[in-house]
>>> print(open('protein.txt').read())   # compact mmCIF, C-alpha atoms
# COMPACT_ATOMS: atom_id res chain seq x y z
CA MET X 21 -0.93 -14.01 7.20
CA ASN X 22 0.42 -13.18 10.65
CA VAL X 23 -0.14 -9.44 11.27
CA ILE X 24 1.65 -7.91 14.26
CA SER X 25 2.50 -4.41 15.41
CA TRP X 26 6.01 -2.95 15.50
CA GLN X 27 5.71 -2.84 19.30
CA GLU X 28 5.00 -6.57 19.37
CA PHE X 29 7.93 -7.22 17.05
CA VAL X 30 10.50 -5.30 19.13
CA SER X 31 9.16 -6.70 22.42
CA GLY X 32 10.09 -10.22 21.36
CA ALA X 33 6.55 -11.46 20.68
CA PHE X 34 7.59 -12.49 17.15
CA GLU X 35 8.63 -16.11 16.97
CA ASP X 36 11.87 -15.82 15.02
CA PRO X 37 11.58 -17.98 11.92
CA PRO X 38 14.21 -16.97 9.34
CA ILE X 39 12.69 -14.19 7.22
CA ALA X 40 13.31 -12.40 3.95
CA ALA X 41 11.83 -8.93 4.23
CA THR X 42 11.12 -5.71 2.43
CA VAL X 43 10.24 -2.34 3.96
CA GLY X 44 8.04 0.49 2.71
CA VAL X 45 4.71 2.27 2.67
CA PHE X 46 3.47 0.11 -0.23
CA ASP X 47 0.53 2.38 -0.99
CA GLY X 48 -1.37 0.74 -3.83
CA LEU X 49 1.09 -2.16 -4.14
CA HIS X 50 1.99 -1.06 -7.67
CA LEU X 51 4.27 -2.85 -10.15
CA GLY X 52 7.45 -1.66 -8.43
CA HIS X 53 6.25 -2.84 -5.03
CA ARG X 54 5.31 -6.19 -6.50
CA GLU X 55 8.86 -6.70 -7.74
CA LEU X 56 10.14 -6.26 -4.18
CA VAL X 57 7.53 -8.61 -2.74
CA SER X 58 8.12 -11.15 -5.51
CA ARG X 59 11.84 -11.31 -4.69
CA VAL X 60 11.09 -11.82 -1.01
CA LEU X 61 8.63 -14.59 -1.88
CA SER X 62 11.17 -16.39 -4.05
CA ASP X 63 13.96 -16.58 -1.45
CA ARG X 64 14.48 -20.20 -0.46
CA GLY X 65 14.61 -21.25 3.16
CA THR X 66 13.02 -18.07 4.53
CA HIS X 67 9.54 -16.83 5.32
CA PRO X 68 8.36 -13.76 3.34
CA ALA X 69 7.78 -10.69 5.52
CA VAL X 70 6.77 -7.09 4.89
CA PHE X 71 7.38 -4.17 7.24
CA THR X 72 4.97 -1.38 6.42
CA PHE X 73 3.17 1.59 7.95
CA ARG X 74 -0.32 1.46 9.39
CA ASP X 75 -0.88 5.03 8.12
CA ASN X 76 1.01 6.81 5.36
CA PRO X 77 3.78 8.96 6.94
CA LYS X 78 3.03 11.70 4.41
CA ARG X 79 -0.33 12.20 6.11
CA SER X 80 1.46 13.56 9.21
CA LEU X 81 4.64 14.92 7.57
CA ARG X 82 2.99 16.85 4.72
CA PRO X 83 -0.75 17.08 5.47
CA GLY X 84 -1.20 20.15 3.28
CA THR X 85 -0.07 18.40 0.11
CA PHE X 86 -1.26 14.86 0.81
CA HIS X 87 -4.59 14.22 -0.90
CA GLY X 88 -5.34 10.62 0.04
CA ASP X 89 -4.12 7.05 -0.20
CA LEU X 90 -4.39 4.61 -3.07
CA PHE X 91 -5.19 1.80 -0.62
CA THR X 92 -7.08 1.68 2.64
CA PRO X 93 -5.29 -0.32 5.38
CA GLY X 94 -7.69 -3.21 4.78
CA GLN X 95 -6.95 -3.32 1.05
CA LYS X 96 -3.20 -3.39 1.68
CA LEU X 97 -3.40 -6.30 4.11
CA GLU X 98 -5.72 -8.25 1.80
CA GLU X 99 -3.42 -7.79 -1.18
CA LEU X 100 -0.27 -8.71 0.75
CA GLU X 101 -1.95 -11.90 1.92
CA ARG X 102 -3.18 -12.67 -1.61
CA LEU X 103 0.38 -12.31 -2.92
CA GLY X 104 1.61 -14.88 -0.39
CA VAL X 105 3.26 -12.76 2.32
CA GLU X 106 3.36 -14.70 5.60
CA VAL X 107 4.28 -11.97 8.09
CA CYS X 108 3.25 -8.30 8.06
CA VAL X 109 4.65 -5.95 10.71
CA GLN X 110 2.66 -2.72 10.93
CA ILE X 111 4.52 0.38 12.07
CA ASP X 112 2.93 3.38 13.75
CA PHE X 113 4.97 6.27 12.34
CA SER X 114 3.83 8.78 14.93
CA GLY X 115 5.65 9.41 18.20
CA ASP X 116 9.00 7.79 18.91
CA PHE X 117 9.34 5.85 15.65
CA SER X 118 9.55 9.02 13.54
CA LYS X 119 12.66 10.04 15.52
CA LEU X 120 14.43 6.69 15.19
CA ALA X 121 17.83 6.80 13.47
CA GLY X 122 18.17 4.50 10.48
CA ARG X 123 20.96 2.43 12.03
CA ILE X 124 18.84 1.83 15.13
CA PHE X 125 15.95 0.68 12.92
CA LEU X 126 18.28 -1.72 11.09
CA SER X 127 19.62 -3.09 14.36
CA LEU X 128 16.08 -3.72 15.65
CA LEU X 129 15.21 -5.62 12.46
CA ALA X 130 18.28 -7.82 12.92
CA LYS X 131 17.94 -8.25 16.68
CA ASN X 132 14.24 -9.07 16.93
CA GLY X 133 13.77 -11.18 13.82
CA ASP X 134 16.00 -13.79 12.23
CA LEU X 135 16.54 -11.57 9.19
CA ARG X 136 18.45 -13.28 6.36
CA LEU X 137 17.62 -11.03 3.40
CA LEU X 138 16.47 -7.41 3.03
CA VAL X 139 15.13 -6.40 -0.39
CA ILE X 140 14.91 -2.66 -1.11
CA GLY X 141 14.63 -0.28 -4.04
CA SER X 142 17.64 1.71 -5.26
CA ASP X 143 16.18 4.95 -3.86
CA PHE X 144 15.32 3.50 -0.44
CA ARG X 145 16.20 5.56 2.62
CA CYS X 146 15.12 5.17 6.23
CA GLY X 147 15.57 6.76 9.62
CA HIS X 148 15.07 10.21 11.08
CA ARG X 149 15.48 12.78 8.30
CA LEU X 150 16.19 9.82 5.97
CA ASP X 151 19.70 9.50 7.38
CA THR X 152 20.40 5.97 6.08
CA GLY X 153 20.59 4.85 2.45
CA VAL X 154 21.51 1.78 0.42
CA GLU X 155 25.27 1.86 0.97
CA GLU X 156 24.93 2.35 4.73
CA ILE X 157 22.53 -0.60 4.86
CA ARG X 158 24.90 -2.85 2.93
CA SER X 159 27.89 -1.89 5.07
CA TYR X 160 25.93 -2.46 8.29
CA TYR X 161 24.32 -5.78 7.37
CA GLY X 162 27.26 -7.31 5.50
CA PRO X 163 29.35 -8.17 8.59
CA LEU X 164 26.22 -9.61 10.23
CA GLY X 165 25.76 -12.09 7.38
CA ILE X 166 22.49 -10.47 6.29
CA ARG X 167 22.13 -10.14 2.53
CA THR X 168 20.92 -6.88 1.02
CA GLU X 169 19.46 -6.92 -2.49
CA VAL X 170 18.79 -3.65 -4.29
CA LEU X 171 16.32 -3.67 -7.19
CA ASP X 172 16.19 -1.13 -9.99
CA PRO X 173 12.94 0.81 -10.38
CA VAL X 174 10.19 -0.51 -12.63
CA LEU X 175 9.61 1.96 -15.46
CA TRP X 176 6.42 3.00 -17.20
CA GLY X 177 6.39 5.70 -19.85
CA GLY X 178 10.15 6.06 -19.43
CA HIS X 179 9.96 7.00 -15.74
CA PRO X 180 9.90 5.03 -12.48
CA VAL X 181 6.53 3.80 -11.29
CA SER X 182 5.67 5.43 -7.96
CA SER X 183 2.66 5.90 -5.72
CA SER X 184 2.99 9.66 -6.20
CA ARG X 185 2.74 9.32 -9.99
CA ILE X 186 -0.31 7.11 -9.63
CA ARG X 187 -2.00 9.53 -7.22
CA ARG X 188 -1.47 12.36 -9.74
CA SER X 189 -2.87 10.20 -12.54
CA VAL X 190 -6.00 9.39 -10.53
CA ALA X 191 -6.47 13.02 -9.42
CA GLU X 192 -6.20 14.14 -13.06
CA GLY X 193 -8.64 11.48 -14.28
CA ARG X 194 -6.00 9.49 -16.21
CA LEU X 195 -7.32 6.13 -15.03
CA ASP X 196 -5.66 4.17 -17.86
CA ALA X 197 -2.25 5.41 -16.74
CA ALA X 198 -3.04 4.62 -13.10
CA ALA X 199 -4.18 1.10 -14.01
CA ALA X 200 -1.05 0.49 -16.10
CA MET X 201 1.23 1.41 -13.19
CA LEU X 202 -0.85 -0.45 -10.60
CA GLY X 203 -1.16 -3.54 -12.76
CA ARG X 204 -4.94 -3.49 -12.24
CA PRO X 205 -7.78 -0.92 -12.20
CA TYR X 206 -7.79 1.67 -9.42
CA GLU X 207 -10.15 0.52 -6.67
CA LEU X 208 -12.29 2.44 -4.19
CA ASP X 209 -12.96 0.69 -0.89
CA LEU X 210 -16.56 1.44 0.05
CA ARG X 211 -16.22 -0.48 3.31
CA ALA X 212 -14.29 2.53 4.63
CA ALA X 213 -16.79 5.06 3.26
CA ILE X 214 -19.64 6.99 4.89
CA ARG X 215 -23.10 6.32 3.47
CA ALA X 216 -24.55 9.58 2.13
CA GLY X 217 -28.12 8.71 3.13
CA PRO X 218 -30.51 5.81 3.81
CA GLY X 219 -31.66 3.97 0.72
CA LEU X 220 -29.34 5.92 -1.57
CA GLY X 221 -26.38 4.74 -3.60
CA GLY X 222 -24.31 7.55 -2.16
CA TYR X 223 -20.91 7.14 -0.51
CA GLU X 224 -18.46 9.72 0.83
CA LEU X 225 -14.85 8.57 1.13
CA ALA X 226 -14.05 11.35 3.62
CA GLY X 227 -10.57 11.96 2.22
CA ALA X 228 -9.35 8.43 2.90
CA GLN X 229 -8.57 7.66 -0.75
CA VAL X 230 -7.46 9.92 -3.55
CA ALA X 231 -10.37 10.73 -5.86
CA PRO X 232 -10.54 11.44 -9.61
CA PRO X 233 -12.15 14.67 -10.90
CA ALA X 234 -15.90 15.16 -10.65
CA GLY X 235 -17.80 13.51 -13.50
CA ARG X 236 -19.53 10.35 -14.69
CA TYR X 237 -17.64 7.05 -14.65
CA GLU X 238 -18.04 3.48 -15.75
CA VAL X 239 -17.04 1.16 -12.92
CA LEU X 240 -17.11 -2.49 -11.95
CA ALA X 241 -19.13 -2.80 -8.77
CA ALA X 242 -18.16 -5.71 -6.53
CA GLY X 243 -19.70 -7.28 -3.46
CA PRO X 244 -20.25 -10.73 -1.97
CA GLY X 245 -20.25 -13.11 -4.92
CA PHE X 246 -20.71 -10.57 -7.72
CA GLU X 247 -18.92 -8.06 -9.93
CA GLU X 248 -21.00 -6.07 -12.43
CA PRO X 249 -20.54 -2.96 -14.62
CA VAL X 250 -22.54 0.05 -13.42
CA SER X 251 -22.45 3.82 -13.89
CA ALA X 252 -21.32 6.23 -11.19
CA MET X 253 -21.52 9.99 -10.72
CA PHE X 254 -19.02 11.88 -8.57
CA ASP X 255 -19.69 15.50 -7.57
CA GLY X 256 -16.29 16.06 -5.98
CA ARG X 257 -17.46 14.83 -2.57
CA VAL X 258 -20.09 12.09 -2.86
CA TRP X 259 -20.18 9.07 -5.17
CA MET X 260 -23.61 8.00 -6.47
CA PHE X 261 -23.80 4.48 -7.90
CA GLU X 262 -26.45 2.67 -9.86
CA ALA X 263 -27.70 -0.40 -8.01
CA PRO X 264 -26.21 -3.62 -9.44
CA GLN X 265 -28.65 -5.90 -11.24
CA GLY X 266 -31.10 -7.33 -8.72
CA ARG X 267 -29.29 -5.86 -5.72
CA GLY X 268 -29.38 -2.74 -3.60
CA CYS X 269 -26.42 -0.38 -3.31
CA GLU X 270 -25.90 -1.52 0.28
CA ALA X 271 -24.38 -4.69 -1.24
CA LEU X 272 -21.46 -2.72 -2.69
CA ARG X 273 -18.03 -3.29 -1.13
CA LEU X 274 -15.52 -2.24 -3.78
CA VAL X 275 -15.66 -0.45 -7.12
CA ARG X 276 -12.98 -0.82 -9.77
CA MET X 277 -12.61 2.30 -11.88
CA VAL X 278 -12.84 1.55 -15.59
CA SER X 279 -13.15 4.85 -17.47
CA ARG X 280 -14.44 8.40 -17.33
CA VAL X 281 -17.43 9.00 -19.60
>>> encode(input="protein.txt", output="structure tokens")
Amino acid sequence: MNVISWQEFVSGAFEDPPIAATVGVFDGLHLGHRELVSRVLSDRGTHPAVFTFRDNPKRSLRPGTFHGDLFTPGQKLEELERLGVEVCVQIDFSGDFSKLAGRIFLSLLAKNGDLRLLVIGSDFRCGHRLDTGVEEIRSYYGPLGIRTEVLDPVLWGGHPVSSSRIRRSVAEGRLDAAAAMLGRPYELDLRAAIRAGPGLGGYELAGAQVAPPAGRYEVLAAGPGFEEPVSAMFDGRVWMFEAPQGRGCEALRLVRMVSRV
């Protein structure tokens, strides 16, 4: 997957193959996100592209109520590549981009990439103060010959799947609900964690990812060439893991949350 920055994209460094694209934070790449990416992947004659944010905008816009991501940046890039995305443009939301009007953003997408199709959700809005919605996008891109496809939300439990719903489910310890909306178990990325001490199975996520309540959990511990069930204890700050069979805890890279004991 070709990963470039927004600055590289608007400076003309992107080589202009025809693209079908979708835009969003894509935290967790849940079932709704996967519908958007799937449609981009299925468009004939174009290369699948995703425009996303390096850091979640909510972290700077609402720091007091934002309690962590579902994905680390590394997890998001790995999953996009696994799904088959060919181009990922990472946007730095801070500074000038946060003040960009939606119509200017749309014009930059069209001007700097050979955009043929934009796939968005029905509640999608972009631009400074979210000044541009679905109808404005259609009316702007239509005369340019750029198709806009709007997908209905994916529902679970009678309500749209969203990253916010999944964060609440994880924070409340409802890991089954989180897994159902993600389409897979919730995963902690220990590569981004701080080791709690030498020789210990302790890891502190330092607020990077949303955490479930303190307690004991059954998890699948994964590392190079292995994935094994182990027990974990979380005290609200530090995770303590049992060492996988025949390995030390330093071999851990990811843990997939299975259930609270």
>>> residues_around(input="protein.txt", residues="Ala200 (chain X)", least_positions_apart="5", cutoff="9 Å", atoms="all atoms listed in the file", output="PyMOL selection string")
chain X and resi 51+176+195+205
>>> closest_residue(input="protein.txt", among="X:Val43, X:Ala212, X:Cys269, X:Val109", to="Val30 (chain X)", atoms="all atoms listed in the file")
X:Val109
>>> atom_distance(input="protein.txt", atom1="CA of Ala216 (chain X)", atom2="CA of Val239 (chain X)")
18.8 Å
>>> atom_distance(input="protein.txt", atom1="CA of Ser189 (chain X)", atom2="CA of Gly243 (chain X)")
25.9 Å
>>> closest_atom_pairs(input="protein.txt", of="region 98-118 of chain X", to="region 31-40 of chain X", cutoff="12 Å", atoms="only C-alpha atoms", output="JSON lines")
{"residue": "X:Val105", "atom": "CA", "partner": "X:Ala40", "partner_atom": "CA", "distance": 10.2}
{"residue": "X:Glu106", "atom": "CA", "partner": "X:Ile39", "partner_atom": "CA", "distance": 9.5}
{"residue": "X:Val107", "atom": "CA", "partner": "X:Ile39", "partner_atom": "CA", "distance": 8.7}
{"residue": "X:Cys108", "atom": "CA", "partner": "X:Phe34", "partner_atom": "CA", "distance": 10.9}
{"residue": "X:Val109", "atom": "CA", "partner": "X:Phe34", "partner_atom": "CA", "distance": 9.6}
>>> closest_residue(input="protein.txt", among="X:Phe46, X:Tyr223, X:Phe246, X:Phe254", to="Asp89 (chain X)", atoms="all atoms listed in the file")
X:Phe46
>>> closest_residue(input="protein.txt", among="X:Val139, X:Gly84, X:Leu49, X:Gly162", to="Arg102 (chain X)", atoms="only C-alpha atoms")
X:Leu49
>>> residues_around(input="protein.txt", residues="region 142-149 of chain X", least_positions_apart="3", cutoff="8 Å", atoms="all atoms listed in the file", output="mmCIF file with C-alpha atoms, in the frame of the given file")
data_model
loop_
_atom_site.group_PDB
_atom_site.id
_atom_site.type_symbol
_atom_site.label_atom_id
_atom_site.label_comp_id
_atom_site.auth_asym_id
_atom_site.auth_seq_id
_atom_site.Cartn_x
_atom_site.Cartn_y
_atom_site.Cartn_z
ATOM 1 C CA SER X 118 9.550 9.020 13.540
ATOM 2 C CA LYS X 119 12.660 10.040 15.520
ATOM 3 C CA LEU X 120 14.430 6.690 15.190
ATOM 4 C CA ALA X 121 17.830 6.800 13.470
ATOM 5 C CA GLY X 122 18.170 4.500 10.480
ATOM 6 C CA ARG X 123 20.960 2.430 12.030
ATOM 7 C CA PHE X 125 15.950 0.680 12.920
ATOM 8 C CA THR X 152 20.400 5.970 6.080
ATOM 9 C CA GLY X 153 20.590 4.850 2.450
ATOM 10 C CA VAL X 154 21.510 1.780 0.420
ATOM 11 C CA VAL X 170 18.790 -3.650 -4.290
ATOM 12 C CA LEU X 171 16.320 -3.670 -7.190
ATOM 13 C CA ASP X 172 16.190 -1.130 -9.990
ATOM 14 C CA PRO X 173 12.940 0.810 -10.380
#
>>> residues_near_point(input="protein.txt", point="(-9.0, 6.8, -7.1)", cutoff="12 Å", atoms="all atoms listed in the file", output="PyMOL selection string")
chain X and resi 48+87-92+183+186-199+202+205-210+225+227-234+237+239+254+256+259+274-280
>>> closest_residue(input="protein.txt", among="X:Asp63, X:His179, X:Glu248, X:Val57", to="Gly266 (chain X)", atoms="all atoms listed in the file")
X:Glu248
>>> atom_distance(input="protein.txt", atom1="CA of Lys78 (chain X)", atom2="CA of Glu224 (chain X)")
21.9 Å
>>> axis_aligned_box(input="protein.txt", around="region 121-138 of chain X", padding_each_side="8 Å", output="JSON")
{"center_x": 17.4, "center_y": -3.5, "center_z": 10.0, "size_x": 23.2, "size_y": 36.6, "size_z": 29.9}
>>> closest_residue(input="protein.txt", among="X:Glu169, X:Glu98, X:Asp151, X:Glu238", to="Ile124 (chain X)", atoms="only C-alpha atoms")
X:Asp151
>>> residues_near_point(input="protein.txt", point="(-22.8, -9.5, -3.9)", cutoff="9 Å", atoms="all atoms listed in the file", output="list in words")
Ala242, Gly243, Pro244, Gly245, Phe246, Glu247, Pro264, Arg267, Ala271, Leu272 and Arg273 of chain X
>>> closest_residue(input="protein.txt", among="X:Leu129, X:Arg59, X:Gly65, X:Thr85", to="Trp26 (chain X)", atoms="only C-alpha atoms")
X:Leu129
>>> residues_around(input="protein.txt", residues="Thr42 (chain X)", least_positions_apart="2", cutoff="9 Å", atoms="all atoms listed in the file", output="PyMOL selection string")
chain X and resi 40+44+56-57+60+68-72+137-140
>>> write_last_selection(input="protein.txt", atoms="C-alpha atoms", output="PDB file, keeping the file's coordinate frame")
ATOM      1  CA  ALA X  40      13.310 -12.400   3.950  1.00  0.00           C
ATOM      2  CA  GLY X  44       8.040   0.490   2.710  1.00  0.00           C
ATOM      3  CA  LEU X  56      10.140  -6.260  -4.180  1.00  0.00           C
ATOM      4  CA  VAL X  57       7.530  -8.610  -2.740  1.00  0.00           C
ATOM      5  CA  VAL X  60      11.090 -11.820  -1.010  1.00  0.00           C
ATOM      6  CA  PRO X  68       8.360 -13.760   3.340  1.00  0.00           C
ATOM      7  CA  ALA X  69       7.780 -10.690   5.520  1.00  0.00           C
ATOM      8  CA  VAL X  70       6.770  -7.090   4.890  1.00  0.00           C
ATOM      9  CA  PHE X  71       7.380  -4.170   7.240  1.00  0.00           C
ATOM     10  CA  THR X  72       4.970  -1.380   6.420  1.00  0.00           C
ATOM     11  CA  LEU X 137      17.620 -11.030   3.400  1.00  0.00           C
ATOM     12  CA  LEU X 138      16.470  -7.410   3.030  1.00  0.00           C
ATOM     13  CA  VAL X 139      15.130  -6.400  -0.390  1.00  0.00           C
ATOM     14  CA  ILE X 140      14.910  -2.660  -1.110  1.00  0.00           C
TER      15      ILE X 140
END
